[in-house]
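To be precise, the following lines are run-v6.txt, and they hold compact mmCIF, C-alpha atoms.
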# COMPACT_ATOMS: atom_id res chain seq x y z
CA MET A 1 -88.37 -21.10 -45.48
CA ARG A 2 -87.74 -21.64 -41.81
CA ILE A 3 -85.24 -24.35 -42.54
CA ASN A 4 -83.35 -22.03 -44.78
CA ASP A 5 -83.41 -19.29 -42.17
CA ASP A 6 -82.02 -21.64 -39.57
CA ALA A 7 -79.29 -22.74 -41.89
CA ALA A 8 -78.42 -19.16 -42.68
CA GLY A 9 -78.27 -18.36 -38.96
CA ARG A 10 -75.98 -21.25 -38.33
CA HIS A 11 -73.84 -20.17 -41.25
CA GLU A 12 -73.53 -16.60 -39.85
CA PHE A 13 -72.73 -17.87 -36.30
CA ARG A 14 -69.91 -20.18 -37.35
CA PRO A 15 -67.29 -17.39 -38.18
CA ALA A 16 -68.04 -15.57 -34.93
CA LYS A 17 -67.57 -18.79 -32.99
CA MET A 18 -64.28 -19.47 -34.72
CA LEU A 19 -63.04 -15.93 -33.97
CA ALA A 20 -63.90 -16.28 -30.27
CA ALA A 21 -62.07 -19.60 -30.10
CA PHE A 22 -59.03 -18.05 -31.75
CA MET A 23 -58.98 -15.13 -29.30
CA LEU A 24 -59.27 -17.53 -26.35
CA ALA A 25 -56.39 -19.63 -27.64
CA LEU A 26 -54.29 -16.52 -28.14
CA GLN A 27 -54.92 -15.44 -24.53
CA LEU A 28 -53.83 -18.86 -23.27
CA VAL A 29 -50.70 -19.04 -25.41
CA ALA A 30 -49.46 -15.44 -24.84
CA PRO A 31 -48.52 -15.83 -21.12
CA ARG A 32 -46.68 -19.04 -21.91
CA ALA A 33 -44.73 -17.33 -24.70
CA HIS A 34 -43.97 -14.37 -22.41
CA ALA A 35 -42.78 -16.68 -19.65
CA GLN A 36 -40.64 -18.62 -22.11
CA THR A 37 -39.10 -15.40 -23.44
CA ALA A 38 -38.33 -14.17 -19.88
CA THR A 39 -36.79 -17.53 -19.04
CA GLU A 40 -34.62 -17.46 -22.14
CA ALA A 41 -33.55 -13.86 -21.35
CA ALA A 42 -32.53 -14.88 -17.86
CA ARG A 43 -30.51 -17.86 -18.99
CA PRO A 44 -27.32 -15.91 -19.95
CA ASN A 45 -27.11 -14.30 -16.49
CA ASP A 46 -27.81 -17.60 -14.79
CA ALA A 47 -25.15 -19.29 -16.89
CA LYS A 48 -22.69 -16.50 -16.13
CA ALA A 49 -23.40 -16.69 -12.38
CA SER A 50 -22.95 -20.47 -12.39
CA SER A 51 -19.59 -20.12 -14.16
CA GLU A 52 -18.14 -17.72 -11.53
CA ILE A 53 -15.90 -19.18 -8.83
CA ASP A 54 -14.13 -18.08 -5.65
CA GLN A 55 -10.37 -18.06 -5.16
CA THR A 56 -8.05 -16.84 -2.38
CA ILE A 57 -4.50 -15.84 -3.34
CA PHE A 58 -1.89 -15.63 -0.58
CA LEU A 59 1.02 -13.19 -0.86
CA THR A 60 4.38 -14.33 0.50
CA ASN A 61 6.68 -11.33 0.03
CA LEU A 62 4.50 -8.24 0.38
CA THR A 63 3.46 -7.76 4.00
CA GLN A 64 3.01 -4.01 4.43
CA ARG A 65 -0.59 -2.73 4.39
CA ASN A 66 0.25 -0.08 1.76
CA ASP A 67 1.67 -2.75 -0.56
CA LEU A 68 -1.41 -4.94 -0.13
CA ASN A 69 -3.67 -1.98 -0.88
CA ASP A 70 -1.70 -1.28 -4.07
CA VAL A 71 -2.16 -4.88 -5.23
CA GLN A 72 -5.89 -4.74 -4.48
CA THR A 73 -6.26 -1.46 -6.39
CA ASP A 74 -4.40 -2.87 -9.39
CA LEU A 75 -6.62 -5.96 -9.49
CA ARG A 76 -9.81 -3.91 -9.24
CA ASN A 77 -8.68 -1.70 -12.12
CA MET A 78 -7.73 -4.67 -14.28
CA LEU A 79 -10.77 -6.80 -13.36
CA PRO A 80 -13.70 -4.37 -13.02
CA ARG A 81 -16.38 -7.11 -13.14
CA ALA A 82 -14.82 -9.29 -10.45
CA ARG A 83 -15.37 -8.81 -6.73
CA ILE A 84 -12.05 -8.44 -4.90
CA TYR A 85 -11.53 -8.34 -1.14
CA LEU A 86 -8.38 -7.76 0.91
CA VAL A 87 -7.69 -9.96 3.96
CA SER A 88 -4.76 -8.08 5.47
CA SER A 89 -4.51 -10.32 8.56
CA GLN A 90 -3.72 -13.27 6.27
CA ASN A 91 -1.75 -11.38 3.61
CA ALA A 92 -4.33 -12.62 1.14
CA ILE A 93 -6.76 -11.43 -1.52
CA SER A 94 -10.10 -13.18 -2.15
CA ILE A 95 -11.65 -12.95 -5.62
CA HIS A 96 -15.10 -13.87 -6.98
CA GLY A 97 -15.20 -13.96 -10.76
CA THR A 98 -14.95 -16.04 -13.89
CA PRO A 99 -12.15 -18.56 -14.41
CA ASP A 100 -10.53 -16.08 -16.81
CA ASP A 101 -10.64 -13.40 -14.08
CA ILE A 102 -9.03 -15.77 -11.59
CA GLN A 103 -6.30 -16.76 -14.03
CA LEU A 104 -5.44 -13.13 -14.81
CA ALA A 105 -5.47 -12.23 -11.10
CA GLN A 106 -3.02 -15.03 -10.31
CA LYS A 107 -0.71 -13.81 -13.08
CA LEU A 108 -0.81 -10.20 -11.84
CA VAL A 109 -0.18 -11.18 -8.21
CA ALA A 110 2.79 -13.35 -9.24
CA GLU A 111 4.30 -10.35 -11.04
CA LEU A 112 3.72 -7.98 -8.11
CA ASP A 113 4.50 -10.22 -5.12
CA LEU A 114 8.27 -10.15 -5.53
CA PRO A 115 10.96 -10.27 -2.81
CA ARG A 116 12.21 -6.86 -1.72
CA LYS A 117 15.70 -5.95 -2.82
CA ILE A 118 18.23 -5.64 -0.01
CA TYR A 119 20.84 -2.87 -0.02
CA ARG A 120 23.86 -1.91 2.04
CA LEU A 121 24.27 1.82 2.61
CA THR A 122 27.59 3.03 3.96
CA TYR A 123 27.63 6.49 5.54
CA THR A 124 31.01 8.14 6.06
CA ILE A 125 31.49 11.25 8.21
CA THR A 126 34.91 12.73 7.52
CA ASP A 127 36.56 15.37 9.73
CA MET A 128 38.59 17.82 7.67
CA ASP A 129 40.93 20.63 8.62
CA SER A 130 42.13 23.13 6.03
CA GLY A 131 41.00 20.80 3.27
CA LYS A 132 42.79 17.71 4.65
CA GLY A 133 41.11 14.70 6.19
CA THR A 134 41.95 14.21 9.85
CA GLY A 135 39.68 11.26 10.65
CA ALA A 136 36.51 9.48 9.60
CA GLN A 137 33.65 7.46 10.99
CA THR A 138 31.97 4.83 8.85
CA PHE A 139 28.58 3.22 9.43
CA ALA A 140 27.34 0.36 7.20
CA LEU A 141 23.60 -0.30 7.37
CA ILE A 142 21.44 -2.96 5.73
CA ALA A 143 17.97 -1.98 4.49
CA ALA A 144 15.16 -3.43 2.40
CA SER A 145 13.60 -1.44 -0.40
CA SER A 146 10.69 0.81 0.68
CA GLU A 147 11.28 0.21 4.40
CA ARG A 148 12.50 2.89 6.81
CA THR A 149 15.77 2.21 8.64
CA THR A 150 16.92 4.06 11.76
CA PHE A 151 20.36 4.05 13.37
CA LYS A 152 21.42 5.84 16.58
CA HIS A 153 24.85 6.10 18.15
CA GLY A 154 25.43 8.21 21.25
CA SER A 155 24.20 8.70 24.82
CA LYS A 156 20.96 9.30 26.66
CA VAL A 157 21.14 12.45 28.79
CA PRO A 158 18.66 12.84 31.68
CA ILE A 159 16.66 16.07 31.66
CA VAL A 160 14.64 17.14 34.70
CA THR A 161 11.23 18.20 33.46
CA GLY A 162 9.50 18.87 36.79
CA SER A 163 9.15 17.99 40.46
CA PHE A 164 6.36 17.60 42.93
CA ASP A 165 6.11 17.29 46.70
CA THR A 166 4.29 14.28 48.07
CA GLY A 167 4.38 15.56 51.63
CA SER A 168 7.54 13.66 52.51
CA SER A 169 10.92 15.16 53.23
CA ALA A 170 12.19 14.37 49.73
CA ALA A 171 10.60 15.82 46.60
CA ASN A 172 10.01 13.57 43.60
CA THR A 173 11.37 14.67 40.24
CA GLN A 174 10.25 13.85 36.70
CA VAL A 175 13.04 12.96 34.30
CA GLN A 176 13.11 12.44 30.54
CA TYR A 177 16.06 11.19 28.53
CA LEU A 178 17.38 13.02 25.49
CA ASP A 179 19.28 11.19 22.75
CA VAL A 180 22.60 12.93 22.11
CA GLY A 181 24.99 11.80 19.41
CA LEU A 182 24.49 10.61 15.84
CA ALA A 183 21.15 9.55 14.35
CA ILE A 184 20.65 8.34 10.78
CA GLU A 185 17.24 7.67 9.28
CA PHE A 186 16.66 6.75 5.64
CA THR A 187 14.46 4.97 3.12
CA VAL A 188 15.56 3.55 -0.22
CA GLU A 189 13.42 2.85 -3.26
CA ALA A 190 14.77 0.55 -5.96
CA ARG A 191 15.23 1.92 -9.46
CA ALA A 192 17.19 0.90 -12.54
CA GLY A 193 20.92 1.00 -11.78
CA GLY A 194 20.55 2.42 -8.27
CA VAL A 195 18.20 3.69 -5.58
CA ASP A 196 16.25 6.79 -4.66
CA LEU A 197 17.36 7.81 -1.17
CA LYS A 198 15.44 9.83 1.42
CA SER A 199 17.90 10.50 4.20
CA LYS A 200 18.17 12.41 7.48
CA VAL A 201 21.46 12.70 9.35
CA GLU A 202 21.34 14.41 12.74
CA GLN A 203 24.26 15.16 15.05
CA SER A 204 23.88 16.62 18.54
CA THR A 205 26.32 17.45 21.33
CA LEU A 206 26.14 19.00 24.78
CA ALA A 207 27.55 22.51 25.00
CA GLU A 208 29.52 23.78 27.98
CA ASP A 209 27.10 26.66 28.36
CA LYS A 210 24.02 26.34 30.57
CA SER A 211 20.56 27.30 29.47
CA GLY A 212 19.85 29.57 32.43
CA VAL A 213 16.39 28.04 32.85
CA GLY A 214 17.57 25.67 35.56
CA PRO A 215 20.90 24.65 37.06
CA GLN A 216 20.64 21.17 35.54
CA ASP A 217 19.29 22.10 32.09
CA PRO A 218 21.93 21.61 29.36
CA VAL A 219 22.31 23.35 26.02
CA VAL A 220 22.23 20.94 23.08
CA ARG A 221 23.94 21.84 19.81
CA GLN A 222 22.37 20.18 16.81
CA SER A 223 23.09 19.81 13.10
CA VAL A 224 20.60 18.20 10.70
CA LEU A 225 21.07 17.20 7.06
CA GLU A 226 17.86 16.04 5.37
CA GLY A 227 16.94 15.54 1.73
CA SER A 228 16.28 13.23 -1.20
CA THR A 229 18.70 12.17 -3.91
CA ALA A 230 19.35 9.48 -6.52
CA LEU A 231 22.29 7.12 -5.96
CA THR A 232 24.13 5.03 -8.52
CA LEU A 233 25.14 1.65 -7.14
CA GLY A 234 28.79 1.58 -6.02
CA LYS A 235 29.36 5.30 -6.58
CA PRO A 236 29.89 7.50 -3.45
CA LEU A 237 27.98 10.75 -3.23
CA VAL A 238 28.62 13.68 -0.88
CA LEU A 239 25.33 14.61 0.79
CA GLY A 240 26.65 17.77 2.42
CA ALA A 241 29.36 19.42 4.52
CA LEU A 242 29.26 21.35 7.79
CA ASP A 243 31.73 24.06 8.79
CA ILE A 244 32.66 24.17 12.47
CA PRO A 245 32.21 27.82 13.63
CA GLY A 246 35.40 29.58 14.78
CA THR A 247 37.73 26.94 13.32
CA THR A 248 39.13 25.77 10.00
CA ARG A 249 37.49 22.38 10.51
CA LYS A 250 34.43 20.92 8.84
CA GLN A 251 32.62 17.63 8.54
CA GLU A 252 31.68 16.01 5.24
CA ILE A 253 28.93 13.42 4.96
CA SER A 254 28.94 10.96 2.07
CA VAL A 255 27.07 7.74 1.28
CA VAL A 256 27.43 4.82 -1.11
CA SER A 257 24.86 2.11 -1.90
CA GLU A 258 25.40 -1.54 -2.86
CA LEU A 259 22.97 -4.28 -3.81
CA VAL A 260 23.15 -7.23 -1.41
CA LYS A 261 20.43 -9.43 -2.97
So, in terms of structure tokens, how does the structure I just supplied come out?
Amino acid sequence: MRINDDAAGRHEFRPAKMLAAFMLALQLVAPRAHAQTATEAARPNDAKASSEIDQTIFLTNLTQRNDLNDVQTDLRNMLPRARIYLVSSQNAISIHGTPDDIQLAQKLVAELDLPRKIYRLTYTITDMDSGKGTGAQTFALIAASSERTTFKHGSKVPIVTGSFDTGSSAANTQVQYLDVGLAIEFTVEARAGGVDLKSKVEQSTLAEDKSGVGPQDPVVRQSVLEGSTALTLGKPLVLGALDIPGTTRKQEISVVSELVK
């Protein structure tokens, strides 16, 4: 009977021993499976990171900071996953991204980095009396698209702004110079068939009257014509006309634009 009892005990112990071994094996295998799963999950990111490259694209035509910022903004909008940096001192843009990102960036920069169009603007100031032209002045100016151009024609008139005594017999005076004459300032923006013109024409002359503030202070008469308009290439446009007070004379200002290259 004892032998049978021992056999029965061994028979009852065997399933418990097998269950414990199974649980131990499961505990050993689970961390390995978890580590393998984490490694496999990380592989796509690692593969993506390894496939990203760096590229610097140099711009040859666009040199203004505003233009470079526009190109950078366009690339960031078109390539949201790429990292894009502006190197304004080198007229360059550095990109970190996939080969497809780099290829698209190069295509976009090639389409944006174009030479500026060059225009010739001819301003004509015509003196008229009783509706008839009595004389004209013509000024032809060359300008690049989107860049401001300034032209001045006249004299610099000294204006005494103050004086101070240094203890010597002669007092020192402070003098500034005032531009008197014609000044033209404009900016053109290219558009289909013509340009958009922002223009300012200023004329100033010295009057015979004195200001009364000081014996050397002059009175300056000034006329300013400022505004924006659209020009068709090769077609003159009258920007405005100025009547001369007390006379039948007036001045008419017109401009015409031409594409140089």
Selected residue of minimal separation from A:Leu121 among A:Ala140, A:Ile253, A:Leu104, A:Ile184, counting all atoms listed in the file: A:Ala140
Within 10 Å of file point (17.5, 17.1, -3.1), counting all atoms listed in the file, expressed as a ChimeraX atom specification: /A:197-199,226-230,239
Atom-to-atom span, atom CA of A:Leu259 and atom CA of A:Glu147, Å: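 Going from atom CA of A:Leu259 over to atom CA of A:Glu147, I get 15.0 Å.
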d(atom CA of A:Gly131, atom CA of A:Val224) in Å: 21.9 Å
Distance in Å - atom CA of A:Val195 versus atom CA of A:Thr63: 21.0 Å
